[in-house]
$ cat target.csv   # CSV, C-alpha atoms
chain,number,residue,atom,x,y,z
A,1,MET,CA,114.2,107.7,89.2
A,2,THR,CA,114.9,111.4,89.6
A,3,ASN,CA,118.4,112.4,90.4
A,4,LEU,CA,118.7,112.7,94.2
A,5,ALA,CA,121.8,114.9,94.1
A,6,ASN,CA,121.9,117.7,96.6
A,7,ARG,CA,118.9,116.4,98.6
A,8,ILE,CA,119.2,116.1,102.4
A,9,ALA,CA,118.1,112.9,104.3
A,10,LEU,CA,117.9,112.1,108.0
A,11,VAL,CA,118.4,108.4,108.6
A,12,THR,CA,117.9,107.0,112.1
A,13,GLY,CA,119.5,103.8,113.3
A,14,ALA,CA,122.2,104.4,110.7
A,15,SER,CA,125.1,102.7,112.4
A,16,ARG,CA,124.3,99.2,111.1
A,17,GLY,CA,121.8,97.0,109.3
A,18,ILE,CA,119.2,98.5,107.1
A,19,GLY,CA,119.8,102.0,108.3
A,20,PHE,CA,123.5,101.8,107.4
A,21,ALA,CA,122.8,100.3,104.0
A,22,THR,CA,120.1,102.8,103.2
A,23,ALA,CA,122.2,105.8,104.2
A,24,LYS,CA,125.0,104.5,102.1
A,25,ALA,CA,122.8,103.9,99.1
A,26,LEU,CA,121.2,107.3,99.3
A,27,ALA,CA,124.6,109.0,99.7
A,28,LYS,CA,125.8,107.1,96.6
A,29,ALA,CA,122.8,108.6,94.7
A,30,GLY,CA,124.0,112.1,95.8
A,31,VAL,CA,122.0,112.7,99.0
A,32,HIS,CA,123.7,114.4,101.9
A,33,ILE,CA,123.1,112.1,104.9
A,34,ILE,CA,122.3,113.3,108.4
A,35,ALA,CA,123.0,110.0,110.2
A,36,THR,CA,121.9,109.3,113.7
A,37,ALA,CA,122.5,106.3,116.0
A,38,ARG,CA,123.6,105.6,119.6
A,39,THR,CA,126.9,104.1,118.4
A,40,GLN,CA,129.6,106.6,117.5
A,41,ALA,CA,131.9,103.9,116.1
A,42,GLY,CA,129.2,102.6,113.7
A,43,LEU,CA,128.5,106.1,112.5
A,44,GLU,CA,132.2,106.7,111.8
A,45,GLU,CA,132.4,103.4,109.8
A,46,LEU,CA,129.4,104.6,107.8
A,47,ASP,CA,131.1,108.0,107.2
A,48,ASP,CA,134.2,106.2,105.9
A,49,GLU,CA,132.1,104.1,103.5
A,50,ILE,CA,130.1,107.1,102.2
A,51,ARG,CA,133.3,109.1,101.6
A,52,LYS,CA,134.8,106.1,99.7
A,53,ASP,CA,131.9,106.5,97.3
A,54,GLY,CA,132.4,110.3,97.0
A,55,GLY,CA,129.4,111.1,99.2
A,56,SER,CA,129.0,113.3,102.3
A,57,ALA,CA,127.4,112.8,105.7
A,58,THR,CA,126.9,114.6,109.0
A,59,LEU,CA,127.1,112.3,112.0
A,60,VAL,CA,124.8,112.9,115.0
A,61,PRO,CA,125.3,110.5,117.9
A,62,LEU,CA,121.8,110.5,119.5
A,63,ASN,CA,119.7,108.2,121.6
A,64,LEU,CA,116.2,108.6,120.2
A,65,THR,CA,114.7,108.3,123.6
A,66,ASP,CA,116.1,111.8,124.1
A,67,SER,CA,113.1,113.8,122.9
A,68,ASP,CA,114.8,117.1,123.6
A,69,GLY,CA,117.8,115.9,121.5
A,70,ILE,CA,115.4,115.3,118.6
A,71,ALA,CA,114.0,118.8,119.0
A,72,ARG,CA,117.5,120.3,119.0
A,73,LEU,CA,118.4,118.3,115.9
A,74,GLY,CA,115.3,119.7,114.2
A,75,ALA,CA,116.3,123.2,115.2
A,76,GLY,CA,119.8,122.7,114.0
A,77,LEU,CA,118.6,121.4,110.6
A,78,HIS,CA,116.4,124.4,110.2
A,79,GLU,CA,119.2,126.8,111.0
A,80,ARG,CA,121.6,125.1,108.6
A,81,TYR,CA,119.4,124.0,105.7
A,82,GLY,CA,116.0,125.4,106.2
A,83,LYS,CA,114.4,122.2,105.0
A,84,LEU,CA,114.6,118.4,105.1
A,85,ASP,CA,113.9,116.3,101.9
A,86,ILE,CA,113.9,112.8,103.3
A,87,LEU,CA,113.2,111.1,106.6
A,88,VAL,CA,114.0,107.4,107.0
A,89,GLY,CA,112.7,106.2,110.3
A,90,ASN,CA,114.6,103.0,110.6
A,91,ALA,CA,115.8,102.8,114.2
A,92,GLY,CA,114.1,100.1,116.3
A,93,VAL,CA,114.7,97.6,119.1
A,94,LEU,CA,113.5,94.1,119.3
A,95,GLY,CA,113.0,94.0,123.1
A,96,PRO,CA,112.3,90.8,125.1
A,97,SER,CA,111.3,87.5,123.6
A,98,SER,CA,109.0,86.1,126.1
A,99,PRO,CA,105.3,85.4,126.9
A,100,VAL,CA,103.3,88.6,127.4
A,101,GLY,CA,102.7,87.8,131.1
A,102,HIS,CA,106.4,87.4,131.8
A,103,ILE,CA,107.5,90.8,130.4
A,104,GLU,CA,108.4,93.5,132.8
A,105,LEU,CA,106.6,96.9,132.3
A,106,LYS,CA,109.9,98.7,132.0
A,107,ALA,CA,111.0,96.4,129.2
A,108,PHE,CA,107.7,97.0,127.4
A,109,ASN,CA,108.0,100.7,127.8
A,110,ASP,CA,111.6,100.7,126.6
A,111,VAL,CA,110.5,99.2,123.3
A,112,MET,CA,107.6,101.6,122.8
A,113,ALA,CA,109.9,104.5,123.6
A,114,VAL,CA,112.2,103.8,120.7
A,115,ASN,CA,109.8,102.2,118.1
A,116,VAL,CA,106.9,104.5,118.6
A,117,SER,CA,107.4,107.6,120.8
A,118,ALA,CA,110.7,108.5,119.1
A,119,ASN,CA,109.1,108.4,115.7
A,120,PHE,CA,106.2,110.5,117.0
A,121,GLN,CA,108.8,113.1,118.2
A,122,LEU,CA,110.6,112.9,114.8
A,123,ILE,CA,107.3,113.6,113.0
A,124,ARG,CA,106.6,116.6,115.3
A,125,CYS,CA,110.0,118.1,114.9
A,126,MET,CA,110.7,117.2,111.2
A,127,GLU,CA,107.3,117.9,109.6
A,128,PRO,CA,107.9,121.6,109.2
A,129,LEU,CA,111.2,121.0,107.6
A,130,LEU,CA,109.8,118.3,105.3
A,131,LYS,CA,107.1,120.7,104.2
A,132,GLN,CA,109.7,123.2,103.2
A,133,SER,CA,111.0,120.7,100.7
A,134,ASP,CA,109.7,120.6,97.1
A,135,ALA,CA,109.1,116.9,97.6
A,136,GLY,CA,109.4,115.8,101.2
A,137,ARG,CA,109.5,112.0,101.6
A,138,ALA,CA,109.1,110.0,104.8
A,139,VAL,CA,109.6,106.2,105.0
A,140,PHE,CA,109.2,104.2,108.2
A,141,VAL,CA,110.6,100.7,108.5
A,142,THR,CA,108.0,98.3,109.9
A,143,SER,CA,107.6,94.5,110.3
A,144,GLY,CA,105.3,91.7,109.4
A,145,ALA,CA,105.0,91.1,113.2
A,146,ALA,CA,102.6,94.1,113.3
A,147,ASN,CA,99.8,92.3,111.5
A,148,LYS,CA,100.7,88.8,112.4
A,149,ALA,CA,100.7,89.6,116.1
A,150,THR,CA,103.8,87.3,116.4
A,151,ALA,CA,103.9,85.3,119.6
A,152,TYR,CA,106.7,85.9,122.1
A,153,VAL,CA,107.7,89.3,120.7
A,154,SER,CA,104.5,91.2,121.8
A,155,PRO,CA,106.2,94.5,122.6
A,156,TYR,CA,107.9,94.6,119.2
A,157,ALA,CA,104.7,93.6,117.4
A,158,ALA,CA,102.6,96.1,119.2
A,159,SER,CA,105.1,98.9,118.7
A,160,LYS,CA,105.2,98.2,114.9
A,161,ALA,CA,101.4,98.1,114.7
A,162,ALA,CA,101.3,101.5,116.5
A,163,LEU,CA,104.0,102.9,114.2
A,164,GLU,CA,102.0,101.8,111.2
A,165,THR,CA,98.9,103.5,112.4
A,166,LEU,CA,100.8,106.7,113.4
A,167,ALA,CA,102.4,106.9,109.9
A,168,ARG,CA,99.1,106.2,108.1
A,169,ALA,CA,97.3,108.9,110.1
A,170,TRP,CA,100.1,111.4,109.3
A,171,ALA,CA,99.8,110.4,105.6
A,172,GLN,CA,96.1,111.2,105.6
A,173,GLU,CA,96.8,114.5,107.3
A,174,THR,CA,99.4,115.5,104.8
A,175,ALA,CA,97.7,114.0,101.7
A,176,ASN,CA,97.1,117.5,100.2
A,177,THR,CA,100.6,118.6,100.6
A,178,LYS,CA,103.9,117.8,98.7
A,179,LEU,CA,104.9,115.4,101.6
A,180,ARG,CA,104.5,111.7,101.0
A,181,VAL,CA,104.5,109.2,103.9
A,182,ASN,CA,104.9,105.5,103.5
A,183,LEU,CA,105.9,102.3,105.3
A,184,PHE,CA,108.4,99.6,104.2
A,185,ASN,CA,108.4,96.0,105.4
A,186,PRO,CA,111.8,94.3,104.8
A,187,GLY,CA,110.8,90.9,106.0
A,188,PRO,CA,113.5,88.5,107.2
A,189,VAL,CA,116.9,90.2,106.4
A,190,ARG,CA,120.5,89.3,107.3
A,191,THR,CA,120.8,91.7,110.3
A,192,ARG,CA,121.9,91.5,113.9
A,193,MET,CA,118.3,91.8,115.1
A,194,ARG,CA,117.2,88.9,113.0
A,195,ALA,CA,120.2,86.8,114.3
A,196,THR,CA,119.1,87.6,117.9
A,197,LEU,CA,115.6,86.5,117.2
A,198,MET,CA,116.4,83.4,115.2
A,199,PRO,CA,119.9,82.2,116.3
A,200,GLY,CA,119.5,78.8,114.6
A,201,GLU,CA,118.7,80.3,111.2
A,202,ASP,CA,121.3,80.2,108.4
A,203,PRO,CA,122.0,83.9,107.5
A,204,ALA,CA,123.1,82.9,104.0
A,205,THR,CA,119.5,82.1,103.2
A,206,LEU,CA,118.4,85.7,103.8
A,207,ASP,CA,118.8,88.8,101.6
A,208,THR,CA,121.2,91.4,102.8
A,209,ALA,CA,120.5,94.9,104.1
A,210,GLU,CA,122.1,96.3,101.0
A,211,GLN,CA,119.7,94.4,98.7
A,212,VAL,CA,116.8,95.7,100.8
A,213,ALA,CA,118.0,99.3,100.8
A,214,GLU,CA,117.9,99.4,97.0
A,215,PHE,CA,114.1,99.3,97.2
A,216,ILE,CA,113.9,102.0,99.9
A,217,VAL,CA,115.8,104.6,97.8
A,218,PRO,CA,113.1,105.0,95.1
A,219,MET,CA,110.5,105.7,97.9
A,220,CYS,CA,112.7,108.7,98.8
A,221,SER,CA,112.6,110.2,95.3
A,222,PRO,CA,110.5,113.2,94.2
A,223,ASP,CA,109.2,110.8,91.5
A,224,TRP,CA,107.5,108.7,94.2
A,225,THR,CA,103.9,109.9,94.4
A,226,GLU,CA,102.1,107.3,96.6
A,227,THR,CA,101.3,108.1,100.2
A,228,GLY,CA,99.9,106.1,103.0
A,229,LYS,CA,101.0,102.8,101.4
A,230,PHE,CA,103.0,99.8,102.5
A,231,TYR,CA,105.8,98.3,100.5
A,232,ASP,CA,106.4,94.6,101.1
A,233,TYR,CA,109.9,93.7,100.1
A,234,LYS,CA,109.3,89.9,100.1
A,235,THR,CA,106.6,90.1,97.5
A,236,ARG,CA,108.0,93.2,95.8
A,237,SER,CA,104.6,94.8,96.0
A,238,LEU,CA,103.1,98.1,97.0
A,239,MET,CA,100.0,97.6,99.1
A,240,SER,CA,97.1,99.6,100.4
A,241,PHE,CA,95.8,99.1,103.9
A,242,ARG,CA,92.3,97.6,104.1
A,243,SER,CA,89.8,97.4,106.9
A,244,PRO,CA,89.3,94.0,108.5
A,245,ALA,CA,86.8,91.8,106.8
$ encode --input "target.csv" --output "structure tokens"
Amino acid sequence: MTNLANRIALVTGASRGIGFATAKALAKAGVHIIATARTQAGLEELDDEIRKDGGSATLVPLNLTDSDGIARLGAGLHERYGKLDILVGNAGVLGPSSPVGHIELKAFNDVMAVNVSANFQLIRCMEPLLKQSDAGRAVFVTSGAANKATAYVSPYAASKAALETLARAWAQETANTKLRVNLFNPGPVRTRMRATLMPGEDPATLDTAEQVAEFIVPMCSPDWTETGKFYDYKTRSLMSFRSPA
């Protein structure tokens, strides 16, 4: 893998879980991290961990439903760096676990706002910066719920399916540029979200976010040339999307 030193990465949902672990792993590889999350304390903990490893980070407390805030972040990155090398779209919410007909419209819209609309705004605002990089890389964290249409978490499943389509369309649009856009499905991982969804599950049976992050890092490297693909962590395989039979 090419040395990632001196590259700049924006990681969303970086205060815990996969976002935290990915930001830490990228920083250890020499990447300067722009870390966003709603939780200031979580970001400060991340900063402490990154500094222990000799890395550096810029903390940006931000609710991704603040589309103007995302635009201001893009403008700030342009003014300071003139480019962005890596975007890791990790932030996501689970939403209600309930039959479709029992879910309130606001609860559904809240999930879509974070899992889909925020990523749409990130694409709009960060694409010009990613195209200024010599090897812009974007990785969006998805879920098997998208293609399984998992029962009782319909807003989450629908949002991840929408995210996948959005990322794939963007990958096609940028296929002739230096920008590479891909999706990453971690599967069941030892995170707070998984514990909320499956409270009776033994977390010791699941891989950690740190283990998962080690597979996201290579997708952020200039050496990674695939685009519009789907990496499935459970099977350790890179997949192409296919039309329904």
$ residues_near_point --input "target.csv" --point "(106.9, 96.9, 98.2)" --cutoff "9 Å" --atoms "all atoms listed in the file" --output "list in words"
Leu183, Phe184, Asn185, Pro186, Phe215, Ile216, Lys229, Phe230, Tyr231, Asp232, Tyr233, Lys234, Thr235, Arg236, Ser237, Leu238 and Met239 of chain A
$ closest_residue --input "target.csv" --among "A:Thr227, A:Met112, A:Gly82, A:Ala149" --to "Arg168 in chain A" --atoms "all atoms listed in the file"
A:Thr227
$ atom_distance --input "target.csv" --atom1 "CA of Val217 in chain A" --atom2 "CA of Ala29 in chain A"
8.6 Å
$ residues_around --input "target.csv" --residues "Ala169 in chain A" --least-positions-apart "4" --cutoff "12 Å" --atoms "only C-alpha atoms" --output "ChimeraX atom specification"
/A:120,123,162-165,173-175,180-183,227-229,241
$ write_last_selection --input "target.csv" --atoms "C-alpha atoms" --output "PDB file, in the frame of the given file"
ATOM      1  CA  PHE A 120     106.200 110.500 117.000  1.00  0.00           C
ATOM      2  CA  ILE A 123     107.300 113.600 113.000  1.00  0.00           C
ATOM      3  CA  ALA A 162     101.300 101.500 116.500  1.00  0.00           C
ATOM      4  CA  LEU A 163     104.000 102.900 114.200  1.00  0.00           C
ATOM      5  CA  GLU A 164     102.000 101.800 111.200  1.00  0.00           C
ATOM      6  CA  THR A 165      98.900 103.500 112.400  1.00  0.00           C
ATOM      7  CA  GLU A 173      96.800 114.500 107.300  1.00  0.00           C
ATOM      8  CA  THR A 174      99.400 115.500 104.800  1.00  0.00           C
ATOM      9  CA  ALA A 175      97.700 114.000 101.700  1.00  0.00           C
ATOM     10  CA  ARG A 180     104.500 111.700 101.000  1.00  0.00           C
ATOM     11  CA  VAL A 181     104.500 109.200 103.900  1.00  0.00           C
ATOM     12  CA  ASN A 182     104.900 105.500 103.500  1.00  0.00           C
ATOM     13  CA  LEU A 183     105.900 102.300 105.300  1.00  0.00           C
ATOM     14  CA  THR A 227     101.300 108.100 100.200  1.00  0.00           C
ATOM     15  CA  GLY A 228      99.900 106.100 103.000  1.00  0.00           C
ATOM     16  CA  LYS A 229     101.000 102.800 101.400  1.00  0.00           C
ATOM     17  CA  PHE A 241      95.800  99.100 103.900  1.00  0.00           C
TER      18      PHE A 241
END
$ atom_distance --input "target.csv" --atom1 "CA of Glu45 in chain A" --atom2 "CA of Leu87 in chain A"
20.9 Å
$ residues_around --input "target.csv" --residues "range 13-28 of chain A" --least-positions-apart "6" --cutoff "8 Å" --atoms "all atoms listed in the file" --output "tab-separated table (two decimals) with C-alpha atoms, in the frame of the given file"
chain	number	residue	atom	x	y	z
A	4	LEU	CA	118.70	112.70	94.20
A	35	ALA	CA	123.00	110.00	110.20
A	36	THR	CA	121.90	109.30	113.70
A	37	ALA	CA	122.50	106.30	116.00
A	38	ARG	CA	123.60	105.60	119.60
A	39	THR	CA	126.90	104.10	118.40
A	40	GLN	CA	129.60	106.60	117.50
A	41	ALA	CA	131.90	103.90	116.10
A	42	GLY	CA	129.20	102.60	113.70
A	43	LEU	CA	128.50	106.10	112.50
A	45	GLU	CA	132.40	103.40	109.80
A	46	LEU	CA	129.40	104.60	107.80
A	49	GLU	CA	132.10	104.10	103.50
A	50	ILE	CA	130.10	107.10	102.20
A	53	ASP	CA	131.90	106.50	97.30
A	54	GLY	CA	132.40	110.30	97.00
A	55	GLY	CA	129.40	111.10	99.20
A	56	SER	CA	129.00	113.30	102.30
A	57	ALA	CA	127.40	112.80	105.70
A	89	GLY	CA	112.70	106.20	110.30
A	90	ASN	CA	114.60	103.00	110.60
A	91	ALA	CA	115.80	102.80	114.20
A	92	GLY	CA	114.10	100.10	116.30
A	191	THR	CA	120.80	91.70	110.30
A	192	ARG	CA	121.90	91.50	113.90
A	209	ALA	CA	120.50	94.90	104.10
A	210	GLU	CA	122.10	96.30	101.00
A	212	VAL	CA	116.80	95.70	100.80
A	213	ALA	CA	118.00	99.30	100.80
A	214	GLU	CA	117.90	99.40	97.00
A	216	ILE	CA	113.90	102.00	99.90
A	217	VAL	CA	115.80	104.60	97.80
$ atom_distance --input "target.csv" --atom1 "CA of Gln121 in chain A" --atom2 "CA of Ser67 in chain A"
6.4 Å
$ closest_residue --input "target.csv" --among "A:Ile70, A:Ala167, A:Val153, A:Leu77" --to "Pro99 in chain A" --atoms "only C-alpha atoms"
A:Val153
$ closest_residue --input "target.csv" --among "A:Thr142, A:Thr12, A:Asn6, A:Ser159" --to "Ala113 in chain A" --atoms "all atoms listed in the file"
A:Ser159
